[in-house]
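Engineer: The file below is target.txt, compact mmCIF, C-alpha atoms:
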```
# COMPACT_ATOMS: atom_id res chain seq x y z
CA MET Y 7 102.85 58.09 86.19
CA ALA Y 8 104.04 54.78 87.65
CA LEU Y 9 104.32 53.23 84.19
CA SER Y 10 106.12 56.30 82.86
CA VAL Y 11 108.60 56.31 85.72
CA SER Y 12 109.50 52.66 85.24
CA LEU Y 13 110.01 53.19 81.53
CA VAL Y 14 112.43 56.01 82.26
CA CYS Y 15 114.94 53.59 83.71
CA VAL Y 16 114.31 50.76 81.27
CA VAL Y 17 114.53 52.78 78.05
CA VAL Y 18 117.45 55.05 78.95
CA VAL Y 19 119.54 52.29 80.49
CA ALA Y 20 118.87 50.14 77.43
CA VAL Y 21 120.23 52.88 75.19
CA LEU Y 22 123.34 53.35 77.28
CA SER Y 23 123.99 49.64 77.70
CA LEU Y 24 124.89 49.48 74.02
CA ARG Y 25 128.05 51.48 74.72
CA LYS Y 26 131.35 49.82 75.50
CA PRO Y 27 132.42 50.08 79.13
CA ALA Y 28 135.25 52.47 79.98
CA LYS Y 29 138.60 50.81 80.51
CA ASN Y 30 141.73 51.74 82.34
CA ASN Y 31 145.19 51.55 80.78
CA ASP Y 32 145.61 47.83 81.29
CA GLY Y 33 142.40 47.17 79.36
CA ALA Y 34 140.35 46.09 82.38
CA ALA Y 35 136.76 47.32 82.54
CA LEU Y 36 136.24 50.06 85.12
CA ASP Y 37 134.63 48.74 88.31
CA THR Y 38 131.88 51.24 89.13
CA ARG Y 39 130.55 49.43 92.21
CA LEU Y 40 132.71 51.51 94.54
CA LEU Y 41 131.32 54.71 93.01
CA THR Y 42 127.73 53.47 93.30
CA ASP Y 43 128.26 52.52 96.95
CA SER Y 44 129.93 55.84 97.76
CA ILE Y 45 127.13 57.90 96.20
CA SER Y 46 124.45 55.74 97.83
CA GLY Y 47 126.06 56.26 101.23
CA ILE Y 48 126.05 60.04 100.84
CA VAL Y 49 122.47 60.14 99.55
CA ALA Y 50 121.23 58.08 102.50
CA GLU Y 51 122.39 60.73 104.95
CA TYR Y 52 120.05 63.45 103.70
CA PRO Y 53 116.33 64.14 104.37
CA GLY Y 54 115.01 64.13 100.84
CA GLU Y 55 115.18 62.24 97.56
CA ILE Y 56 118.45 62.63 95.69
CA GLY Y 57 118.93 61.15 92.23
CA VAL Y 58 122.34 60.84 90.58
CA ALA Y 59 123.64 59.79 87.19
CA VAL Y 60 127.26 59.60 86.03
CA ILE Y 61 128.46 58.86 82.49
CA ILE Y 62 132.21 58.22 82.32
CA ASP Y 63 134.05 58.78 79.04
CA ASN Y 64 130.83 58.33 77.10
CA ALA Y 65 130.76 54.69 78.20
CA ASP Y 66 130.26 53.52 81.80
CA THR Y 67 127.07 54.62 83.53
CA VAL Y 68 126.26 54.79 87.24
CA THR Y 69 122.84 55.71 88.61
CA VAL Y 70 121.40 56.08 92.08
CA ASN Y 71 117.67 56.68 92.65
CA ASN Y 72 117.01 56.94 88.92
CA ARG Y 73 113.63 55.17 89.15
CA SER Y 74 111.93 58.50 89.71
CA VAL Y 75 111.55 61.85 88.01
CA TYR Y 76 112.64 65.19 89.43
CA PRO Y 77 111.56 68.80 88.79
CA MET Y 78 114.11 70.31 86.41
CA MET Y 79 113.63 73.97 87.25
CA SER Y 80 116.18 76.05 85.28
CA VAL Y 81 118.07 73.00 84.04
CA PHE Y 82 115.53 73.09 81.21
CA LYS Y 83 117.24 76.20 79.86
CA VAL Y 84 119.80 73.86 78.27
CA HIS Y 85 116.93 72.13 76.50
CA GLN Y 86 115.58 75.54 75.45
CA ALA Y 87 118.96 76.65 74.07
CA LEU Y 88 119.18 73.54 71.89
CA ALA Y 89 115.64 74.09 70.61
CA VAL Y 90 116.33 77.73 69.72
CA CYS Y 91 119.59 76.83 67.95
CA ASN Y 92 117.93 73.98 66.05
CA ASP Y 93 115.13 76.30 64.93
CA PHE Y 94 117.60 78.95 63.80
CA ASP Y 95 119.60 76.32 61.91
CA ARG Y 96 116.48 75.28 60.01
CA LYS Y 97 115.67 78.89 59.18
CA GLY Y 98 119.25 79.89 58.37
CA ILE Y 99 119.27 82.57 61.08
CA ALA Y 100 122.33 83.60 63.09
CA LEU Y 101 122.47 84.07 66.87
CA ASP Y 102 123.47 87.71 66.38
CA THR Y 103 119.90 88.46 65.27
CA LEU Y 104 118.57 91.38 67.31
CA VAL Y 105 115.43 91.22 69.43
CA THR Y 106 113.75 94.43 70.61
CA ILE Y 107 112.46 94.17 74.17
CA ARG Y 108 110.01 96.42 76.02
CA ARG Y 109 110.50 96.70 79.75
CA ASP Y 110 106.75 96.49 80.38
CA GLU Y 111 106.64 92.95 78.94
CA LEU Y 112 109.10 91.68 81.56
CA ASP Y 113 108.38 90.51 85.11
CA PRO Y 114 109.99 92.84 87.68
CA ASP Y 115 109.53 90.26 90.46
CA THR Y 116 111.40 87.30 88.96
CA TRP Y 117 115.13 86.52 88.92
CA SER Y 118 116.48 88.63 86.06
CA PRO Y 119 120.00 90.10 85.91
CA MET Y 120 119.07 91.22 82.37
CA LEU Y 121 116.33 93.51 83.72
CA LYS Y 122 118.70 95.03 86.29
CA GLU Y 123 121.36 95.69 83.67
CA HIS Y 124 118.93 97.26 81.19
CA PRO Y 125 116.82 99.98 82.88
CA GLU Y 126 115.73 101.43 79.53
CA THR Y 127 112.07 101.49 78.54
CA GLU Y 128 113.05 99.65 75.37
CA PHE Y 129 116.31 97.93 74.46
CA SER Y 130 117.69 95.41 71.97
CA LEU Y 131 119.75 92.27 72.55
CA THR Y 132 120.94 89.54 70.22
CA VAL Y 133 119.51 86.05 70.61
CA GLY Y 134 122.99 84.95 71.63
CA GLU Y 135 122.93 87.49 74.46
CA LEU Y 136 119.52 86.23 75.60
CA LEU Y 137 120.84 82.67 75.63
CA ARG Y 138 123.91 83.80 77.55
CA TYR Y 139 121.68 85.37 80.21
CA THR Y 140 119.73 82.12 80.58
CA LEU Y 141 122.71 79.76 80.57
CA THR Y 142 125.20 81.70 82.69
CA GLN Y 143 122.86 83.56 85.05
CA SER Y 144 119.62 81.55 84.71
CA ASP Y 145 117.64 84.66 83.77
CA ASN Y 146 113.91 83.94 83.87
CA ASN Y 147 112.78 86.96 81.82
CA ALA Y 148 115.14 86.05 78.99
CA SER Y 149 113.83 82.47 79.04
CA ASN Y 150 110.16 83.54 79.10
CA LEU Y 151 110.78 85.99 76.24
CA MET Y 152 112.36 83.31 74.03
CA PHE Y 153 109.52 80.90 74.75
CA ARG Y 154 107.03 83.60 73.67
CA ARG Y 155 108.92 84.95 70.65
CA LEU Y 156 111.11 82.14 69.30
CA VAL Y 157 110.37 78.48 70.16
CA GLY Y 158 107.50 77.59 72.48
CA VAL Y 159 107.35 74.97 75.20
CA SER Y 160 105.79 72.30 72.98
CA GLY Y 161 108.37 72.86 70.24
CA THR Y 162 111.18 72.59 72.78
CA ASP Y 163 109.71 69.43 74.26
CA SER Y 164 109.33 67.86 70.82
CA LEU Y 165 112.89 68.66 69.75
CA ILE Y 166 114.44 67.20 72.90
CA ALA Y 167 112.40 64.01 72.39
CA THR Y 168 114.47 63.44 69.23
CA ILE Y 169 117.69 63.56 71.30
CA ILE Y 170 116.88 61.61 74.49
CA PRO Y 171 114.14 59.06 75.26
CA ARG Y 172 110.66 60.55 75.42
CA THR Y 173 109.95 58.85 78.75
CA SER Y 174 112.96 60.42 80.48
CA PHE Y 175 111.69 64.00 80.57
CA ARG Y 176 108.84 66.42 79.99
CA ILE Y 177 108.69 70.17 79.44
CA ALA Y 178 105.20 71.57 79.90
CA TYR Y 179 105.51 75.04 81.43
CA THR Y 180 107.58 78.22 81.24
CA GLU Y 181 109.25 79.92 84.19
CA GLU Y 182 106.38 82.42 84.15
CA GLU Y 183 103.77 79.67 84.38
CA MET Y 184 105.63 77.89 87.18
CA SER Y 185 105.89 81.16 89.08
CA ALA Y 186 102.10 81.58 88.87
CA ASP Y 187 101.53 78.03 90.18
CA HIS Y 188 104.48 76.42 91.93
CA SER Y 189 102.97 72.93 91.67
CA ARG Y 190 103.60 73.07 87.91
CA ALA Y 191 107.32 72.63 88.61
CA TYR Y 192 106.65 68.90 89.05
CA SER Y 193 105.39 68.74 85.45
CA ASN Y 194 108.73 69.93 84.05
CA TYR Y 195 110.59 66.80 85.02
CA THR Y 196 113.55 64.62 84.14
CA SER Y 197 115.22 61.46 85.31
CA PRO Y 198 118.82 62.04 86.41
CA LEU Y 199 120.03 59.81 83.59
CA GLY Y 200 117.87 61.63 81.05
CA ALA Y 201 119.51 64.93 81.98
CA ALA Y 202 122.97 63.35 81.99
CA VAL Y 203 122.44 61.81 78.55
CA LEU Y 204 121.39 65.19 77.10
CA MET Y 205 124.41 66.99 78.57
CA ASN Y 206 126.71 64.17 77.50
CA ARG Y 207 125.42 64.21 73.94
CA LEU Y 208 125.80 68.00 73.84
CA PHE Y 209 129.54 67.59 74.48
CA THR Y 210 130.20 64.38 72.53
CA ASP Y 211 127.79 64.37 69.58
CA SER Y 212 126.55 66.71 66.85
CA LEU Y 213 123.11 68.05 67.77
CA VAL Y 214 122.97 71.44 66.03
CA SER Y 215 125.34 73.30 63.71
CA GLY Y 216 128.95 73.40 64.90
CA GLY Y 217 129.11 77.11 65.66
CA LYS Y 218 125.90 77.15 67.65
CA GLN Y 219 126.76 73.99 69.56
CA ARG Y 220 130.18 75.40 70.48
CA PHE Y 221 128.42 78.55 71.65
CA ILE Y 222 126.19 76.56 74.03
CA MET Y 223 129.11 74.49 75.33
CA ASN Y 224 131.37 77.50 75.87
CA THR Y 225 128.58 79.47 77.52
CA LEU Y 226 127.84 76.65 79.96
CA GLY Y 227 131.53 76.79 80.82
CA GLU Y 228 130.93 80.37 82.00
CA CYS Y 229 127.98 79.49 84.27
CA MET Y 230 127.92 81.79 87.32
CA THR Y 231 125.19 80.12 89.36
CA GLY Y 232 125.47 77.31 91.89
CA THR Y 233 129.23 77.29 92.33
CA ASP Y 234 128.61 75.66 95.74
CA ARG Y 235 127.25 72.50 94.05
CA ILE Y 236 129.08 70.25 91.56
CA ALA Y 237 131.76 72.88 90.95
CA ALA Y 238 132.58 73.41 94.65
CA PRO Y 239 135.19 70.65 95.10
CA LEU Y 240 136.63 71.21 91.61
CA LEU Y 241 137.30 74.95 91.61
CA GLU Y 242 140.77 74.67 93.11
CA LYS Y 243 141.79 71.59 91.10
CA GLU Y 244 144.39 72.50 88.51
CA GLY Y 245 143.46 71.67 84.94
CA VAL Y 246 139.85 70.66 85.65
CA ALA Y 247 137.31 72.18 83.23
CA ILE Y 248 133.61 72.24 84.11
CA ALA Y 249 130.53 73.31 82.15
CA HIS Y 250 127.23 73.07 83.99
CA LYS Y 251 123.66 74.26 84.47
CA THR Y 252 121.81 74.58 87.75
CA GLY Y 253 118.15 74.59 88.69
CA SER Y 254 116.68 75.85 91.96
CA GLY Y 255 113.16 75.30 93.23
CA TYR Y 256 110.57 76.67 95.59
CA VAL Y 257 109.72 75.74 99.16
CA ASN Y 258 106.42 73.82 99.14
CA GLU Y 259 103.55 73.89 101.65
CA LYS Y 260 105.29 71.20 103.69
CA GLY Y 261 108.36 73.38 104.10
CA GLU Y 262 110.36 71.17 101.73
CA LEU Y 263 112.74 72.45 99.09
CA VAL Y 264 111.09 71.27 95.87
CA ALA Y 265 114.32 71.08 93.86
CA HIS Y 266 118.03 71.87 93.95
CA ASN Y 267 119.87 70.58 90.90
CA ASP Y 268 123.06 70.67 88.88
CA VAL Y 269 124.16 68.92 85.68
CA ALA Y 270 127.77 69.15 84.51
CA TYR Y 271 130.26 67.97 81.92
CA ILE Y 272 133.75 67.74 83.41
CA ARG Y 273 137.15 67.21 81.81
CA LEU Y 274 140.09 66.18 83.98
CA PRO Y 275 143.66 67.18 83.11
CA ASP Y 276 144.54 63.61 82.06
CA GLY Y 277 141.80 63.69 79.41
CA VAL Y 278 139.15 61.71 81.30
CA CYS Y 279 135.68 63.22 80.85
CA TYR Y 280 132.48 62.55 82.75
CA THR Y 281 128.96 63.87 82.99
CA LEU Y 282 127.40 64.23 86.43
CA ALA Y 283 123.74 64.98 87.12
CA VAL Y 284 122.45 65.46 90.67
CA PHE Y 285 118.78 66.21 91.37
CA VAL Y 286 117.44 66.92 94.86
CA LYS Y 287 113.68 66.68 95.40
CA ASP Y 288 111.37 67.44 98.37
CA PHE Y 289 114.33 68.18 100.62
CA LYS Y 290 113.65 68.76 104.30
CA GLY Y 291 116.44 71.28 104.67
CA ASP Y 292 117.68 74.53 103.20
CA GLU Y 293 119.56 75.35 100.00
CA THR Y 294 122.92 75.37 101.77
CA GLN Y 295 122.41 71.82 103.01
CA ALA Y 296 121.18 70.64 99.60
CA ALA Y 297 124.17 72.24 97.89
CA LYS Y 298 126.51 70.53 100.36
CA ALA Y 299 124.99 67.15 99.45
CA ILE Y 300 125.57 67.81 95.75
CA ALA Y 301 129.14 68.98 96.43
CA ARG Y 302 129.90 65.84 98.46
CA ILE Y 303 128.67 63.64 95.62
CA SER Y 304 130.77 65.62 93.15
CA ALA Y 305 133.83 65.25 95.37
CA ALA Y 306 133.29 61.48 95.62
CA VAL Y 307 133.05 61.09 91.84
CA TYR Y 308 136.11 63.25 91.25
CA SER Y 309 138.13 61.40 93.88
CA LEU Y 310 137.46 58.00 92.34
CA LEU Y 311 138.09 59.04 88.74
CA ALA Y 312 141.11 61.23 89.45
CA HIS Y 313 142.89 58.75 91.69
CA SER Y 314 142.01 55.43 90.08
CA PRO Y 315 144.27 53.87 87.43
CA LYS Y 316 143.97 56.18 84.47
CA ILE Y 317 140.91 55.60 82.31
CA LYS Y 318 141.26 56.05 78.59
CA GLY Y 319 140.25 59.66 77.93
CA CYS Y 320 137.37 60.91 75.87
```
Do you think you could lay out the structure here as structure tokens?
Structural biologist:
Amino acid sequence: MALSVSLVCVVVVAVLSLRKPAKNNDGAALDTRLLTDSISGIVAEYPGEIGVAVIIDNADTVTVNNRSVYPMMSVFKVHQALAVCNDFDRKGIALDTLVTIRRDELDPDTWSPMLKEHPETEFSLTVGELLRYTLTQSDNNASNLMFRRLVGVSGTDSLIATIIPRTSFRIAYTEEEMSADHSRAYSNYTSPLGAAVLMNRLFTDSLVSGGKQRFIMNTLGECMTGTDRIAAPLLEKEGVAIAHKTGSGYVNEKGELVAHNDVAYIRLPDGVCYTLAVFVKDFKGDETQAAKAIARISAAVYSLLAHSPKIKGC
């Protein structure tokens, strides 16, 4: 694991270093040291490991505590959505394809708005609706069903390895398997920069067919979970658009919060865009405290980018 962790930083940073640095209007390269120092100061105040990655206008990159990997939890539902869409592209299948679902094949004890909204013994939903449940409400039954019926864990893992460096992530287990053994959450991991690169490429590159990629992007813009995290300081800001995906973990035997995460793509009204990934691991506090840490980091990034000399937009 030590070798793998070190390669995470080396490989991903090497890829990103090929990009031109963001510049403000006078052509000067953006000085990111202030942002790094601000994030580092916030992270140091909290009783747990917090990793952060910021990609500004598809160019400048800032990382804090990136020399580690973090349990993804439901953040991996973005990875799953891309794998499903890629598979359907290859097969020429549309997202309005219907899937028939039996209630007895779903877990009544997991987080599942879908199950609550469909009390029928048997019902049908389109694949697009299943993806919407996973991306906007983080539905575990919808995710488990797609892993069983559409694209499995190994297929998802393999597809994502063609988009971001292999050493920056791993997907080994479903939500169902993690629920059966909470320690497995540590095997579905990412570096903060790995997650940021994936989200950034989703919004700036062509990964699947245009219609399906727009569907994923638009659906992430409707995310209902974790509004107390990255979104919290941005909700009242006029003209700020945010698309994001959260992940929330268990409390381990030490009483630590295993994970509390959020990854977002944000567009400011002046056209500046940035990707922000914040991963909290083994946190000696509750979810409210972890969310506050993420929100403070988000506020610091927004403050610097919104009030600095205007950067050339994305």
Engineer: Nearest to Ser174 (chain Y): which of Y:Tyr195, Y:Phe285, Y:Tyr52, Y:Tyr271 is it, counting only C-alpha atoms?
Structural biologist: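 Among the listed residues, Y:Tyr195 lies closest to Ser174 (chain Y).
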Engineer: For region 213-227 of chain Y, find every residue with an atom within 9 Å (counting all atoms listed in the file), except residues of its own chain fewer than 5 positions away, and show them as a PyMOL selection string.
Structural biologist: chain Y and resi 84+87-88+91-92+95+100-101+134+137-138+141-142+169+207-208+247-251+270-271
Engineer: Go ahead and dump the residues you just picked, C-alpha atoms, as a PDB file, in the frame of the given file.
Structural biologist:
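Okay, this is what ended up in selection-v8.pdb:
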```
ATOM      1  CA  VAL Y  84     119.800  73.860  78.270  1.00  0.00           C
ATOM      2  CA  ALA Y  87     118.960  76.650  74.070  1.00  0.00           C
ATOM      3  CA  LEU Y  88     119.180  73.540  71.890  1.00  0.00           C
ATOM      4  CA  CYS Y  91     119.590  76.830  67.950  1.00  0.00           C
ATOM      5  CA  ASN Y  92     117.930  73.980  66.050  1.00  0.00           C
ATOM      6  CA  ASP Y  95     119.600  76.320  61.910  1.00  0.00           C
ATOM      7  CA  ALA Y 100     122.330  83.600  63.090  1.00  0.00           C
ATOM      8  CA  LEU Y 101     122.470  84.070  66.870  1.00  0.00           C
ATOM      9  CA  GLY Y 134     122.990  84.950  71.630  1.00  0.00           C
ATOM     10  CA  LEU Y 137     120.840  82.670  75.630  1.00  0.00           C
ATOM     11  CA  ARG Y 138     123.910  83.800  77.550  1.00  0.00           C
ATOM     12  CA  LEU Y 141     122.710  79.760  80.570  1.00  0.00           C
ATOM     13  CA  THR Y 142     125.200  81.700  82.690  1.00  0.00           C
ATOM     14  CA  ILE Y 169     117.690  63.560  71.300  1.00  0.00           C
ATOM     15  CA  ARG Y 207     125.420  64.210  73.940  1.00  0.00           C
ATOM     16  CA  LEU Y 208     125.800  68.000  73.840  1.00  0.00           C
ATOM     17  CA  ALA Y 247     137.310  72.180  83.230  1.00  0.00           C
ATOM     18  CA  ILE Y 248     133.610  72.240  84.110  1.00  0.00           C
ATOM     19  CA  ALA Y 249     130.530  73.310  82.150  1.00  0.00           C
ATOM     20  CA  HIS Y 250     127.230  73.070  83.990  1.00  0.00           C
ATOM     21  CA  LYS Y 251     123.660  74.260  84.470  1.00  0.00           C
ATOM     22  CA  ALA Y 270     127.770  69.150  84.510  1.00  0.00           C
ATOM     23  CA  TYR Y 271     130.260  67.970  81.920  1.00  0.00           C
TER      24      TYR Y 271
END
```
Engineer: Which one of Y:Ile45, Y:Val284, Y:Val257, Y:Val246 sits closest to Leu310 (chain Y) if you count only C-alpha atoms?
Structural biologist: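 Among the listed residues, the smallest separation from Leu310 (chain Y) belongs to Y:Ile45.
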Engineer: I'd like the neighbourhood of Ser309 (chain Y) as a list in words, where a residue qualifies if any of its atoms comes within 10 Å (using only C-alpha atoms), though same-chain residues fewer than 6 positions away should be ignored.
Structural biologist: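 Once the nearby chain positions are removed, what remains is Leu41, Pro239 and Ile303 of chain Y.
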Engineer: Do you have the CA of Asp268 (chain Y)-CA of Thr294 (chain Y) distance handy?
Structural biologist: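 Between CA of Asp268 (chain Y) and CA of Thr294 (chain Y) the gap is 13.7 Å.
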Engineer: Leaving out Asp43 (chain Y) and any residue of its chain fewer than 2 positions from it, which residues lie within 12 Å of it when counting only C-alpha atoms, given as number ranges by chain?
Structural biologist: Y: 37-41, 45-50, 68-70, 303, 306-307, 310
Engineer: Do you know which residues are at most 8 Å from Val133 (chain Y) counting all atoms listed in the file, after dropping those on the same chain fewer than 3 positions away, and could you put them as a list in words?
Structural biologist: Leu101, Asp102, Thr103, Leu104, Val105, Leu136 and Leu137 of chain Y
Engineer: Pull C-alpha atoms from the residues just selected and write them as a tab-separated table (two decimals), in the frame of the given file.
Structural biologist:
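Okay, again.tsv is ready:
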```tsv
chain	number	residue	atom	x	y	z
Y	101	LEU	CA	122.47	84.07	66.87
Y	102	ASP	CA	123.47	87.71	66.38
Y	103	THR	CA	119.90	88.46	65.27
Y	104	LEU	CA	118.57	91.38	67.31
Y	105	VAL	CA	115.43	91.22	69.43
Y	136	LEU	CA	119.52	86.23	75.60
Y	137	LEU	CA	120.84	82.67	75.63
```
Engineer: Env of Phe82 (chain Y): 12 Å cut, atoms = all atoms listed in the file, seq-sep filter 3 positions within chain, self excluded. Answer as JSON, numbers by chain.
Structural biologist: {"Y": [76, 77, 78, 79, 85, 86, 87, 88, 89, 140, 141, 144, 146, 149, 150, 153, 159, 162, 163, 166, 175, 176, 177, 178, 179, 180, 181, 191, 193, 194, 195, 196, 200, 201, 204, 205, 251, 252, 253, 254, 267, 268, 269]}
Engineer: Every residue with an atom at most 12 Å from (112.2, 93.3, 79.0) (file coordinates; all atoms listed in the file) is what I'm after, so could you write them as a PyMOL selection string?
Structural biologist: chain Y and resi 105-114+116+118-131+136+145-152
Engineer: Work out how far apart CA of Gln143 (chain Y) and CA of Val75 (chain Y) are and give it in Å to one decimal.
Structural biologist: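 One can read the CA of Gln143 (chain Y) to CA of Val75 (chain Y) distance as 24.7 Å.
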Engineer: Between Y:Lys298, Y:Ile99, Y:Gly291, Y:Ser74, which is the closest to Thr132 (chain Y) once you count only C-alpha atoms?
Structural biologist: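 Among Y:Lys298, Y:Ile99, Y:Gly291, Y:Ser74, it is Y:Ile99 that comes nearest to Thr132 (chain Y).
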